[in-house]
Each structure stands twice: as structure tokens, then as C-alpha cells.
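Below is entry17.tsv, which holds TSV, C-alpha atoms.
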```
chain	number	residue	atom	x	y	z
A	603	MET	CA	205.41	158.59	203.62
A	604	THR	CA	208.26	156.64	202.07
A	605	THR	CA	207.77	155.58	198.48
A	606	LEU	CA	210.50	153.55	196.84
A	607	PRO	CA	211.19	153.82	193.11
A	608	SER	CA	209.37	151.29	191.00
A	609	ALA	CA	211.16	148.57	189.07
A	610	THR	CA	208.09	148.12	186.88
A	611	PRO	CA	208.07	149.63	183.38
A	612	THR	CA	205.58	152.49	183.33
A	613	PRO	CA	203.19	152.78	180.38
A	614	GLN	CA	204.24	155.76	178.28
A	615	SER	CA	200.82	156.84	177.07
A	616	HIS	CA	197.32	156.73	178.48
A	617	ARG	CA	194.60	158.27	176.39
A	618	PRO	CA	192.46	160.73	178.39
A	619	VAL	CA	189.14	159.29	179.44
A	620	HIS	CA	185.84	161.01	178.83
A	621	GLY	CA	182.10	160.45	178.82
A	622	PRO	CA	180.34	158.35	181.49
A	623	LEU	CA	183.67	156.96	182.73
A	624	ARG	CA	184.43	160.32	184.34
A	625	HIS	CA	181.82	159.59	186.98
A	626	PHE	CA	183.66	156.47	188.12
A	627	LEU	CA	187.17	157.94	187.90
A	628	ARG	CA	186.26	161.17	189.70
A	629	ARG	CA	184.73	159.20	192.54
A	630	PHE	CA	187.83	157.01	192.70
A	631	LEU	CA	190.20	159.98	192.67
A	632	ARG	CA	188.31	161.65	195.50
A	633	ARG	CA	188.62	158.45	197.54
A	634	ALA	CA	192.30	158.07	196.71
A	635	THR	CA	193.03	161.67	197.67
A	636	ARG	CA	191.30	161.25	201.02
A	637	ARG	CA	193.12	157.99	201.69
A	638	ALA	CA	196.49	159.49	200.79
A	639	ALA	CA	195.84	162.46	203.07
A	640	VAL	CA	194.93	160.20	205.97
A	641	LEU	CA	197.95	157.97	205.46
A	642	CYS	CA	200.31	160.94	205.22
A	643	SER	CA	198.80	162.53	208.31
A	644	VAL	CA	199.08	159.39	210.42
A	645	ALA	CA	202.59	158.68	209.15
A	646	GLY	CA	203.62	162.23	209.98
A	647	LEU	CA	202.34	161.92	213.56
A	648	LEU	CA	204.14	158.63	214.04
A	649	LEU	CA	207.39	159.88	212.58
A	650	GLY	CA	207.22	163.09	214.54
A	651	ALA	CA	206.63	161.31	217.82
A	652	HIS	CA	209.03	158.41	217.48
A	653	GLY	CA	211.35	159.02	214.55
A	654	VAL	CA	210.02	155.83	212.97
A	655	ALA	CA	206.66	154.13	213.26
A	656	GLN	CA	206.89	151.44	215.93
A	657	ALA	CA	204.98	148.18	216.07
A	658	ALA	CA	203.94	147.01	219.52
A	659	GLU	CA	202.95	143.63	220.92
A	660	GLY	CA	199.17	143.62	221.19
A	661	GLN	CA	198.62	146.14	218.41
A	662	LEU	CA	197.42	144.86	215.04
A	663	ARG	CA	196.39	147.10	212.12
A	664	ILE	CA	195.33	145.14	209.06
A	665	ALA	CA	194.70	146.59	205.60
A	666	GLN	CA	192.30	144.72	203.37
A	667	GLN	CA	190.63	145.42	200.05
A	668	PHE	CA	187.39	144.38	198.37
A	669	GLY	CA	185.93	140.98	197.65
A	670	ILE	CA	185.26	137.56	199.08
A	671	VAL	CA	188.97	136.79	198.83
A	672	TYR	CA	189.23	138.58	202.20
A	673	LEU	CA	186.62	136.34	203.86
A	674	LEU	CA	189.16	134.79	206.23
A	675	LEU	CA	189.74	138.27	207.66
A	676	ASN	CA	185.99	139.00	207.70
A	677	VAL	CA	185.32	135.86	209.75
A	678	ALA	CA	188.23	136.57	212.09
A	679	GLN	CA	186.89	140.08	212.62
A	680	ASP	CA	183.27	139.04	213.11
A	681	GLN	CA	184.08	136.19	215.49
A	682	LYS	CA	186.90	138.09	217.24
A	683	LEU	CA	189.22	135.16	216.62
A	684	ILE	CA	192.44	137.18	216.77
A	685	GLU	CA	191.50	138.56	220.18
A	686	LYS	CA	190.55	135.04	221.31
A	687	HIS	CA	193.89	133.52	220.36
A	688	GLY	CA	195.74	136.52	221.75
A	689	LYS	CA	194.15	136.03	225.16
A	690	ALA	CA	195.11	132.35	225.05
A	691	ALA	CA	198.71	133.51	224.59
A	692	GLY	CA	198.43	136.06	227.41
A	693	VAL	CA	198.13	139.26	225.37
A	694	ASP	CA	195.17	141.59	224.79
A	695	ILE	CA	195.25	142.47	221.10
A	696	ARG	CA	193.70	145.66	219.77
A	697	VAL	CA	192.70	144.88	216.18
A	698	GLU	CA	191.99	147.56	213.59
A	699	PHE	CA	190.80	146.83	210.05
A	700	VAL	CA	191.48	149.45	207.37
A	701	LYS	CA	189.82	149.32	203.93
A	702	LEU	CA	192.11	150.48	201.09
A	703	SER	CA	192.25	149.80	197.36
A	704	GLY	CA	195.30	148.91	195.31
A	705	GLY	CA	198.59	147.25	196.13
A	706	ALA	CA	200.59	150.45	195.65
A	707	VAL	CA	198.59	152.33	198.32
A	708	ILE	CA	198.80	149.38	200.71
A	709	ASN	CA	202.54	149.00	200.17
A	710	ASP	CA	203.06	152.68	200.96
A	711	ALA	CA	201.00	152.31	204.14
A	712	LEU	CA	203.06	149.32	205.28
A	713	LEU	CA	206.34	151.14	204.70
A	714	ALA	CA	205.03	154.23	206.48
A	715	GLY	CA	204.12	152.13	209.50
A	716	THR	CA	200.44	153.07	209.44
A	717	ILE	CA	199.50	149.38	209.13
A	718	ASP	CA	201.13	146.22	210.46
A	719	ILE	CA	199.68	143.64	208.07
A	720	ALA	CA	199.11	144.28	204.36
A	721	GLY	CA	196.37	142.42	202.51
A	722	ALA	CA	196.90	142.47	198.76
A	723	GLY	CA	197.78	140.35	195.78
A	724	VAL	CA	200.91	138.26	195.52
A	725	GLY	CA	202.07	140.73	192.85
A	726	PRO	CA	202.41	143.64	195.33
A	727	LEU	CA	204.06	141.24	197.79
A	728	PHE	CA	206.76	140.37	195.26
A	729	THR	CA	207.26	144.07	194.50
A	730	LEU	CA	207.78	145.01	198.14
A	731	TRP	CA	209.83	141.92	198.99
A	732	ASP	CA	212.17	142.82	196.14
A	733	ARG	CA	212.53	146.48	197.14
A	734	THR	CA	212.99	145.96	200.88
A	735	ARG	CA	215.56	143.15	200.94
A	736	GLY	CA	218.26	144.05	203.43
A	737	ARG	CA	216.11	146.83	204.93
A	738	GLN	CA	212.52	146.29	206.13
A	739	ASN	CA	212.64	142.73	204.76
A	740	VAL	CA	208.96	142.45	203.91
A	741	LYS	CA	207.74	138.86	203.49
A	742	GLY	CA	204.48	136.97	203.23
A	743	VAL	CA	202.62	135.91	206.36
A	744	ALA	CA	199.82	133.73	204.98
A	745	SER	CA	197.67	133.05	201.97
A	746	LEU	CA	193.99	133.96	202.10
A	747	GLY	CA	193.08	131.04	199.87
A	748	ASN	CA	192.98	129.92	196.24
A	749	PHE	CA	190.53	131.78	194.00
A	750	PRO	CA	190.08	131.82	190.23
A	751	TYR	CA	190.24	135.40	188.93
A	752	TYR	CA	188.39	136.17	185.68
A	753	LEU	CA	189.13	138.83	183.10
A	754	VAL	CA	185.57	139.75	182.09
A	755	SER	CA	184.65	141.90	179.08
A	756	ASN	CA	181.36	143.35	177.87
A	757	ASN	CA	182.81	143.96	174.39
A	758	PRO	CA	181.53	141.14	172.12
A	759	ALA	CA	184.53	141.58	169.82
A	760	VAL	CA	186.97	140.62	172.58
A	761	LYS	CA	187.30	136.84	172.75
A	762	THR	CA	190.98	136.64	173.77
A	763	ILE	CA	193.52	139.16	175.03
A	764	ALA	CA	194.75	139.52	171.43
A	765	ASP	CA	191.42	141.16	170.53
A	766	PHE	CA	191.86	144.23	172.73
A	767	THR	CA	192.41	147.48	170.84
A	768	ASP	CA	193.27	151.05	171.82
A	769	LYS	CA	189.53	151.67	172.23
A	770	ASP	CA	189.36	149.25	175.17
A	771	ARG	CA	190.17	149.96	178.80
A	772	ILE	CA	190.86	147.19	181.33
A	773	ALA	CA	190.00	148.03	184.94
A	774	LEU	CA	192.01	146.47	187.77
A	775	PRO	CA	193.18	147.55	191.25
A	776	ALA	CA	196.62	148.93	190.31
A	777	VAL	CA	198.36	149.22	186.95
A	778	GLY	CA	201.56	147.18	186.71
A	779	VAL	CA	201.52	146.23	190.42
A	780	SER	CA	198.33	144.35	191.31
A	781	VAL	CA	198.23	140.59	190.97
A	782	GLN	CA	195.65	141.00	188.19
A	783	SER	CA	198.04	143.23	186.26
A	784	ARG	CA	200.92	140.82	186.83
A	785	ILE	CA	198.86	137.82	185.69
A	786	LEU	CA	197.87	139.75	182.57
A	787	GLN	CA	201.56	140.43	181.94
A	788	LEU	CA	202.32	136.73	182.27
A	789	ALA	CA	199.46	135.92	179.88
A	790	SER	CA	200.84	138.49	177.43
A	791	ALA	CA	204.31	136.92	177.64
A	792	GLN	CA	202.80	133.51	176.98
A	793	ARG	CA	201.12	134.85	173.83
A	794	TRP	CA	203.69	137.35	172.50
A	795	GLY	CA	206.92	136.35	174.21
A	796	ASP	CA	208.70	137.95	177.15
A	797	LEU	CA	209.46	141.13	175.19
A	798	GLY	CA	205.71	141.72	174.89
A	799	PHE	CA	204.89	141.13	178.56
A	800	ASN	CA	203.70	144.72	179.16
A	801	ARG	CA	201.93	145.09	175.83
A	802	LEU	CA	198.51	145.59	177.48
A	803	ASP	CA	199.67	147.88	180.33
A	804	LYS	CA	198.72	150.96	178.30
A	805	LEU	CA	195.08	149.83	178.25
A	806	GLN	CA	194.84	149.41	182.03
A	807	VAL	CA	193.00	151.76	184.39
A	808	ALA	CA	193.25	151.61	188.19
A	809	LEU	CA	189.76	151.33	189.64
A	810	PRO	CA	188.34	149.70	192.80
A	811	HIS	CA	186.47	146.46	192.12
A	812	PRO	CA	182.99	147.80	193.05
A	813	ASP	CA	183.30	150.71	190.60
A	814	ALA	CA	184.78	148.52	187.87
A	815	ALA	CA	181.99	145.97	188.27
A	816	ALA	CA	179.39	148.74	188.02
A	817	ALA	CA	180.99	149.92	184.78
A	818	ILE	CA	180.90	146.44	183.23
A	819	ILE	CA	177.31	145.84	184.30
A	820	LYS	CA	176.08	149.24	183.14
A	821	GLY	CA	178.08	149.40	179.90
A	822	GLY	CA	178.47	152.55	177.84
A	823	THR	CA	181.83	153.60	179.30
A	824	GLU	CA	185.38	153.19	178.06
A	825	ILE	CA	185.80	150.42	180.62
A	826	THR	CA	185.18	147.35	178.48
A	827	ALA	CA	186.94	144.80	180.69
A	828	HIS	CA	187.58	144.16	184.36
A	829	PHE	CA	190.15	141.79	185.82
A	830	GLY	CA	188.50	141.32	189.18
A	831	ASN	CA	187.86	138.73	191.85
A	832	PRO	CA	184.87	137.06	193.52
A	833	PRO	CA	182.07	138.06	193.90
A	834	PHE	CA	182.40	141.00	191.49
A	835	GLN	CA	183.24	138.85	188.47
A	836	GLU	CA	180.23	136.61	189.16
A	837	GLN	CA	177.98	139.67	189.55
A	838	GLU	CA	179.09	140.96	186.16
A	839	LEU	CA	178.45	137.66	184.43
A	840	ALA	CA	175.00	137.34	186.03
A	841	ALA	CA	173.84	140.92	185.48
A	842	ASN	CA	175.02	141.74	181.95
A	843	PRO	CA	174.23	139.24	179.16
A	844	ALA	CA	177.10	140.71	177.12
A	845	ALA	CA	179.65	140.00	179.87
A	846	HIS	CA	181.85	136.99	179.19
A	847	ILE	CA	185.14	135.51	180.40
A	848	VAL	CA	188.20	136.33	178.32
A	849	LEU	CA	190.86	134.87	180.60
A	850	LYS	CA	191.06	132.74	183.76
A	851	SER	CA	193.94	133.14	186.18
A	852	TYR	CA	194.22	129.39	186.81
A	853	ASP	CA	194.80	128.82	183.08
A	854	VAL	CA	197.64	131.34	183.08
A	855	LEU	CA	199.23	130.11	186.32
A	856	GLY	CA	198.85	126.43	185.54
A	857	GLY	CA	196.30	125.54	188.22
A	858	PRO	CA	194.85	126.70	191.55
A	859	ALA	CA	196.89	129.56	192.98
A	860	SER	CA	196.98	131.86	195.98
A	861	ALA	CA	196.42	135.25	194.42
A	862	THR	CA	195.71	137.23	197.61
A	863	VAL	CA	198.03	137.15	200.61
A	864	LEU	CA	198.99	138.89	203.84
A	865	TYR	CA	202.49	140.26	204.39
A	866	ALA	CA	204.45	142.27	206.94
A	867	THR	CA	207.87	143.65	207.84
A	868	GLU	CA	210.46	141.55	209.61
A	869	LYS	CA	210.42	144.06	212.48
A	870	PHE	CA	206.72	143.49	213.16
A	871	ARG	CA	207.19	139.72	213.22
A	872	ASN	CA	210.17	139.96	215.56
A	873	ASP	CA	208.67	142.61	217.88
A	874	SER	CA	205.20	141.07	218.13
A	875	PRO	CA	205.60	137.27	218.12
A	876	LYS	CA	202.46	136.55	220.16
A	877	THR	CA	200.33	138.89	218.04
A	878	TYR	CA	201.77	137.36	214.88
A	879	ARG	CA	201.02	133.83	216.07
A	880	ALA	CA	197.50	134.77	217.18
A	881	LEU	CA	196.79	136.10	213.68
A	882	LEU	CA	197.85	132.82	212.07
A	883	ASP	CA	195.87	130.80	214.60
A	884	ALA	CA	192.80	132.95	213.91
A	885	LEU	CA	193.12	132.59	210.13
A	886	ASP	CA	193.50	128.84	210.48
A	887	GLU	CA	190.33	128.67	212.57
A	888	ALA	CA	188.50	130.96	210.14
A	889	ALA	CA	189.36	128.61	207.25
A	890	ARG	CA	187.87	125.66	209.14
A	891	PHE	CA	184.79	127.73	210.02
A	892	ILE	CA	184.11	128.61	206.36
A	893	ALA	CA	184.53	125.00	205.23
A	894	ALA	CA	182.15	123.73	207.93
A	895	GLN	CA	179.61	126.57	207.86
A	896	PRO	CA	179.45	128.25	204.43
A	897	GLU	CA	175.95	129.62	205.11
A	898	GLN	CA	177.11	131.50	208.21
A	899	ALA	CA	180.26	132.61	206.37
A	900	ALA	CA	178.10	134.15	203.63
A	901	ASP	CA	176.08	136.01	206.25
A	902	ILE	CA	179.29	137.33	207.82
A	903	TYR	CA	180.43	138.63	204.43
A	904	LEU	CA	177.11	140.43	203.95
A	905	ARG	CA	177.27	141.95	207.43
A	906	THR	CA	180.83	143.07	206.94
A	907	HIS	CA	180.51	144.55	203.47
A	908	GLY	CA	176.89	145.65	203.30
A	909	GLY	CA	175.63	146.43	199.82
A	910	ASN	CA	173.20	144.32	197.85
A	911	THR	CA	175.29	141.26	197.00
A	912	ASP	CA	173.04	138.30	196.29
A	913	ARG	CA	173.36	135.67	199.01
A	914	GLN	CA	172.87	132.74	196.64
A	915	LEU	CA	175.62	134.09	194.42
A	916	LEU	CA	177.93	134.23	197.45
A	917	LEU	CA	177.14	130.65	198.33
A	918	GLN	CA	177.82	129.66	194.74
A	919	VAL	CA	181.31	131.17	195.09
A	920	LEU	CA	181.94	129.58	198.50
A	921	LYS	CA	180.91	126.14	197.26
A	922	ASN	CA	182.86	126.38	193.99
A	923	PRO	CA	185.35	123.46	194.08
A	924	GLU	CA	187.98	125.77	192.57
A	925	VAL	CA	187.79	127.99	195.67
A	926	GLN	CA	189.86	126.75	198.60
A	927	PHE	CA	190.20	128.65	201.88
A	928	GLN	CA	193.63	127.88	203.29
A	929	ILE	CA	196.60	129.80	204.67
A	930	ARG	CA	199.32	127.74	202.99
A	931	PRO	CA	200.38	129.45	199.73
A	932	GLN	CA	200.03	127.52	196.52
A	933	ASN	CA	201.46	128.07	193.05
A	934	THR	CA	203.02	131.50	193.69
A	935	LEU	CA	206.70	130.94	192.87
A	936	GLY	CA	206.25	130.76	189.11
A	937	LEU	CA	204.84	134.28	188.93
A	938	GLY	CA	207.78	135.65	190.92
A	939	GLN	CA	210.30	133.91	188.69
A	940	PHE	CA	208.56	135.31	185.61
A	941	LEU	CA	208.71	138.84	187.05
A	942	HIS	CA	212.44	138.46	187.64
A	943	ARG	CA	212.95	137.10	184.14
A	944	VAL	CA	211.37	140.16	182.52
A	945	GLY	CA	213.19	142.61	184.80
A	946	ALA	CA	210.29	143.63	187.04
A	947	LEU	CA	212.14	142.15	190.05
A	948	LYS	CA	215.86	142.60	190.72
A	949	HIS	CA	216.06	139.52	192.92
A	950	GLN	CA	215.03	136.04	191.85
A	951	PRO	CA	212.83	134.07	194.26
A	952	VAL	CA	214.06	130.48	194.33
A	953	ALA	CA	211.86	128.99	197.05
A	954	LEU	CA	208.85	129.98	199.16
A	955	LYS	CA	211.10	130.73	202.16
A	956	ASP	CA	212.68	133.56	200.18
A	957	TYR	CA	209.49	135.67	200.23
A	958	PHE	CA	207.38	134.07	203.01
A	959	PHE	CA	208.25	133.94	206.72
A	960	ASP	CA	208.87	130.46	208.07
A	961	ASP	CA	205.99	128.85	209.95
A	962	PRO	CA	204.88	125.21	210.26
A	963	ARG	CA	201.48	126.08	208.77
A	964	ILE	CA	203.14	127.68	205.74
A	965	ALA	CA	205.68	124.90	205.20
A	966	GLY	CA	204.99	122.78	202.15
A	967	GLY	CA	203.59	125.71	200.18
A	968	ASN	CA	204.97	126.79	196.86
```
So that I can check it, write out the structure of this file as C-alpha cells.
Amino acid sequence: MTTLPSATPTPQSHRPVHGPLRHFLRRFLRRATRRAAVLCSVAGLLLGAHGVAQAAEGQLRIAQQFGIVYLLLNVAQDQKLIEKHGKAAGVDIRVEFVKLSGGAVINDALLAGTIDIAGAGVGPLFTLWDRTRGRQNVKGVASLGNFPYYLVSNNPAVKTIADFTDKDRIALPAVGVSVQSRILQLASAQRWGDLGFNRLDKLQVALPHPDAAAAIIKGGTEITAHFGNPPFQEQELAANPAAHIVLKSYDVLGGPASATVLYATEKFRNDSPKTYRALLDALDEAARFIAAQPEQAADIYLRTHGGNTDRQLLLQVLKNPEVQFQIRPQNTLGLGQFLHRVGALKHQPVALKDYFFDDPRIAGGN
């Protein structure tokens, strides 16, 4: 598996965790180890057989993570919309959905060729776009919608990000890479100046959203905050009276923003134009389906994810006017320009076309 060096400053010290948090971190590490082994094994087979992993027209392997932010993909999977639009274009598409956690793992999988489409935050997209310019040329394919992300804490002493101390730990999908981590860096720069943009990185812990939500709801661990996404943030606020919102992503970014996106290599787009187009057509149809039939969309989410998520809570998220299911990106450029300004990106994005592939349905985004 090919892993490129990171341009992101790495926190120099992380205090060892102990107590009840070990339960969550051990479970996460076991999952991560298994995922890494699978990715390395598949990448090794592909490299051994072909020299490099090859994309093929009619093959589509999509990596997604946790949360209702991936509902467009859930609907497309449940309704077989990608296959439907592929057949209309004269190609039988074999669609595989892979569940991973964290932008770093997903980026590695995309570079290794074990997936064709990466589903992650716009932060990991900027990271990979920056590193692969002139080589794999990774760019965005589509947004999965606009969602407000909340930084939730169960520590009553934490009212703003300035109140965090060395005793706190902030759970998020990937330290210094995930969109949550990047938004927190932008919020830090807004409070303490650009030189302080990574001031809170040392408090961050990489943890999948379900485990982080469980820690906030249960309490009693070193995880005192979670920068999550729907529906996990809403579950925390509903289940733990001490849970409260410390920060909202829309406040940091200046309005509704596409935090979660899909992206791919230039080779995949060029080698599989019908598959690529069928994916966009399917996502477009899925967005219209959710807007017209939120009740059925909630049921699809429950079928896809299982668990005990409250249906009424899901509908509350789906009907939230701040939530907009659309594939055109919105309000992403500012974050990329900030990351370049503080040295996290070598290349400066100037317009959406720099880091998103051209498509009529994407045009007009920002």
C-alpha cells in the first residue's frame, strides 16, 4: 500500500489514555488492524497480478463511513440506482460498498487501488488532491450534501474551544486529516491566529463516530468531546443531559457547507466514463428521492445501518432546514485556502475546478 508523506503538522505529545476509555480504543485498534490487513492483502494481490491496480468500466467499489451524511449512497444502494443508470448507458455495473473509518485509511485505499470512489470529508479530499497533483490527480466527484457538524462536549466547564484543557480529549475520525479536525483548526485560527491553528491537535483522538458517541453518552471516560456528524451528535444531545454544543461547523465556515464528498483518481474517471456518469445520475436521483420521501429515506438508513437509531430522531435530521441533500459542492473553497495559508497544503486551490472534476451538475459550486 502506498502512503505518501503528510504535509500536516503532527502533534508532538499525546498523553497515554487509561481507565474506561481503553475499552473503546482497544475495540477501535482491533478494527483498524483488521482493515489495514485486508487493504494490504487486496492491494498486494492487485499489484502482483497487474503491476498496478486497474479500474475497469462496469466495476465500482465505493468506500463510505458512518452517519446520515452518507444517505445518498444508502439510497442508491438500496434502490440499485447505480445499476439502473448503468444499464441505461449500456453497461452492467458491479457495485461494492466498503465501510471504513477515517480519511487517512480511505485515502490509502484509494491510492492502493482497492476502492474506486472515496467517501470522506472535504479535508481528506484536499489532502489527497494536494499530494497527487501531476500523478494520480485525485479530485472531487460530488458532494453528499450540506450538513451542520457539531462539536459536542459532556464537560460542563467547556463552553467554547478556549475552555479545553489537557484533561480533555476530543474524538473525531482522524487527527489532523478529517474534515472535523480541519474545521477545528480553522476555528482555532479564528480565535488564536494562524500560528495557533493546530493548538488543539494534541487533544484529539481518532475514534469512529459510533464509539465516540457511546463515550459521550456514557460519560466517565477521557473522551469529553466529540466532533461528529448526524445522527450521532443528535443522539448525544438527546441521551445525555450534560451534552451540549460547543461549536457549529456552519458558524466556522460562514454558512451551509458540503463537509462530506466523494472523490476519485483521474484514471478512474477517464477509464470508466459510463460508470462515472451512472454514479452521478444515481446520486442526483437519490437526492430527489430523499427530498420527496423522507419517511422512506429514514427507513432505508435504518435498514442499511441497523442498530437502534431512533426513527423520529432521523426524521428530525432529514427535515432540518439546515440539511440539504445535493451533489453540487457548496462553501468548500475557503477551507482549502486556509489550509494552504497555514502550510497544510503545498498548492493553493483558486477555484472549484482545481479540486473537483468538471461536470454540468457540479458547475456553479464553490
| message | Set the distance at 8 Å and use all atoms listed in the file: which residues neighbour His811 in chain A once local chain neighbours fewer than 2 positions away are removed? I'd like the list as a PyMOL selection string. | response | chain A and resi 668-669+774-775+809+813-815+830-831+834
| Residues within 12 Å of Val848 in chain A, all atoms listed in the file, excluding chain neighbours under 6 positions, as an NGL selection string | :A and (751-766 or 772 or 786 or 789 or 826-830 or 835 or 839 or 854)
Go ahead and save the residues from that selection, with C-alpha atoms, as a CSV table (one decimal), keeping the file's coordinate frame.
```
chain,number,residue,atom,x,y,z
A,751,TYR,CA,190.2,135.4,188.9
A,752,TYR,CA,188.4,136.2,185.7
A,753,LEU,CA,189.1,138.8,183.1
A,754,VAL,CA,185.6,139.8,182.1
A,755,SER,CA,184.6,141.9,179.1
A,756,ASN,CA,181.4,143.4,177.9
A,757,ASN,CA,182.8,144.0,174.4
A,758,PRO,CA,181.5,141.1,172.1
A,759,ALA,CA,184.5,141.6,169.8
A,760,VAL,CA,187.0,140.6,172.6
A,761,LYS,CA,187.3,136.8,172.8
A,762,THR,CA,191.0,136.6,173.8
A,763,ILE,CA,193.5,139.2,175.0
A,764,ALA,CA,194.8,139.5,171.4
A,765,ASP,CA,191.4,141.2,170.5
A,766,PHE,CA,191.9,144.2,172.7
A,772,ILE,CA,190.9,147.2,181.3
A,786,LEU,CA,197.9,139.8,182.6
A,789,ALA,CA,199.5,135.9,179.9
A,826,THR,CA,185.2,147.4,178.5
A,827,ALA,CA,186.9,144.8,180.7
A,828,HIS,CA,187.6,144.2,184.4
A,829,PHE,CA,190.2,141.8,185.8
A,830,GLY,CA,188.5,141.3,189.2
A,835,GLN,CA,183.2,138.8,188.5
A,839,LEU,CA,178.4,137.7,184.4
A,854,VAL,CA,197.6,131.3,183.1
```
Sorted by chain and rising residue number, which residues of range 923-966 of chain A lie within 12 Å of range 719-723 of chain A, and what are their closest atom pairs and distances in Å to one decimal, counting all atoms listed in the file, as CSV?
```
residue,atom,partner,partner_atom,distance
A:Pro931,CA,A:Gly723,CA,11.9
A:Thr934,CA,A:Gly723,CA,10.5
A:Leu937,CA,A:Gly723,CA,11.6
```
| request: Tell me which of A:Arg737, A:His949, A:Arg793, A:Arg696 sits closest to Glu868 in chain A, counting all atoms listed in the file. | output: A:Arg737
| request: Give as a ChimeraX atom specification each residue that has an atom at most 10 Å from (203.6, 141.9, 179.2) in the file, counting all atoms listed in the file. | output: /A:611,778,783-803,941,944
I need the residues from that last selection saved to file as an mmCIF file, keeping the file's coordinate frame (with C-alpha atoms), if you can.
```cif
data_model
loop_
_atom_site.group_PDB
_atom_site.id
_atom_site.type_symbol
_atom_site.label_atom_id
_atom_site.label_comp_id
_atom_site.auth_asym_id
_atom_site.auth_seq_id
_atom_site.Cartn_x
_atom_site.Cartn_y
_atom_site.Cartn_z
ATOM 1 C CA PRO A 611 208.070 149.630 183.380
ATOM 2 C CA GLY A 778 201.560 147.180 186.710
ATOM 3 C CA SER A 783 198.040 143.230 186.260
ATOM 4 C CA ARG A 784 200.920 140.820 186.830
ATOM 5 C CA ILE A 785 198.860 137.820 185.690
ATOM 6 C CA LEU A 786 197.870 139.750 182.570
ATOM 7 C CA GLN A 787 201.560 140.430 181.940
ATOM 8 C CA LEU A 788 202.320 136.730 182.270
ATOM 9 C CA ALA A 789 199.460 135.920 179.880
ATOM 10 C CA SER A 790 200.840 138.490 177.430
ATOM 11 C CA ALA A 791 204.310 136.920 177.640
ATOM 12 C CA GLN A 792 202.800 133.510 176.980
ATOM 13 C CA ARG A 793 201.120 134.850 173.830
ATOM 14 C CA TRP A 794 203.690 137.350 172.500
ATOM 15 C CA GLY A 795 206.920 136.350 174.210
ATOM 16 C CA ASP A 796 208.700 137.950 177.150
ATOM 17 C CA LEU A 797 209.460 141.130 175.190
ATOM 18 C CA GLY A 798 205.710 141.720 174.890
ATOM 19 C CA PHE A 799 204.890 141.130 178.560
ATOM 20 C CA ASN A 800 203.700 144.720 179.160
ATOM 21 C CA ARG A 801 201.930 145.090 175.830
ATOM 22 C CA LEU A 802 198.510 145.590 177.480
ATOM 23 C CA ASP A 803 199.670 147.880 180.330
ATOM 24 C CA LEU A 941 208.710 138.840 187.050
ATOM 25 C CA VAL A 944 211.370 140.160 182.520
#
```
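The space separating CA of Ala861 in chain A from CA of Val781 in chain A comes to 6.6 Å.
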Tell me, as a PDB file with C-alpha atoms, in the coordinates of the input, which residues lie within 9 Å of Ala690 in chain A, counting all atoms listed in the file; anything in the same chain fewer than 4 positions away does not count.
```pdb
ATOM      1  CA  GLU A 685     191.500 138.560 220.180  1.00  0.00           C
ATOM      2  CA  LYS A 686     190.550 135.040 221.310  1.00  0.00           C
ATOM      3  CA  ALA A 880     197.500 134.770 217.180  1.00  0.00           C
TER       4      ALA A 880
END
```
| Residues near Val919 in chain A, cut-off 10 Å, only C-alpha atoms, skip fewer than 5 positions along chain, as a count of residues only | 11
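The space separating CA of Thr716 in chain A from CA of Phe870 in chain A comes to 12.0 Å.
Across A:Ser874, A:Asp680, A:Pro843, A:Ser780, the tightest approach to Val693 in chain A is made by A:Ser874 when counting all atoms listed in the file.
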| task | Name all residues at most 12 Å from Lys682 in chain A (count only C-alpha atoms; drop same-chain ones fewer than 3 positions away) and give them as an NGL selection string. | result | :A and (674-679 or 685-689 or 694-699 or 880-881 or 883-885 or 887-888)
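Picture a line from CA of Lys741 in chain A to CA of Tyr957 in chain A; it runs 4.9 Å.
Distances to Leu864 in chain A were evaluated for A:Leu882, A:Gly945, A:Asp960, A:Glu838 using all atoms listed in the file, and the minimum falls at A:Leu882.
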| Of the listed residues A:Lys804, A:Pro750, A:Arg879, A:Gly725, that which approaches Leu935 in chain A most closely, counting only C-alpha atoms | A:Gly725
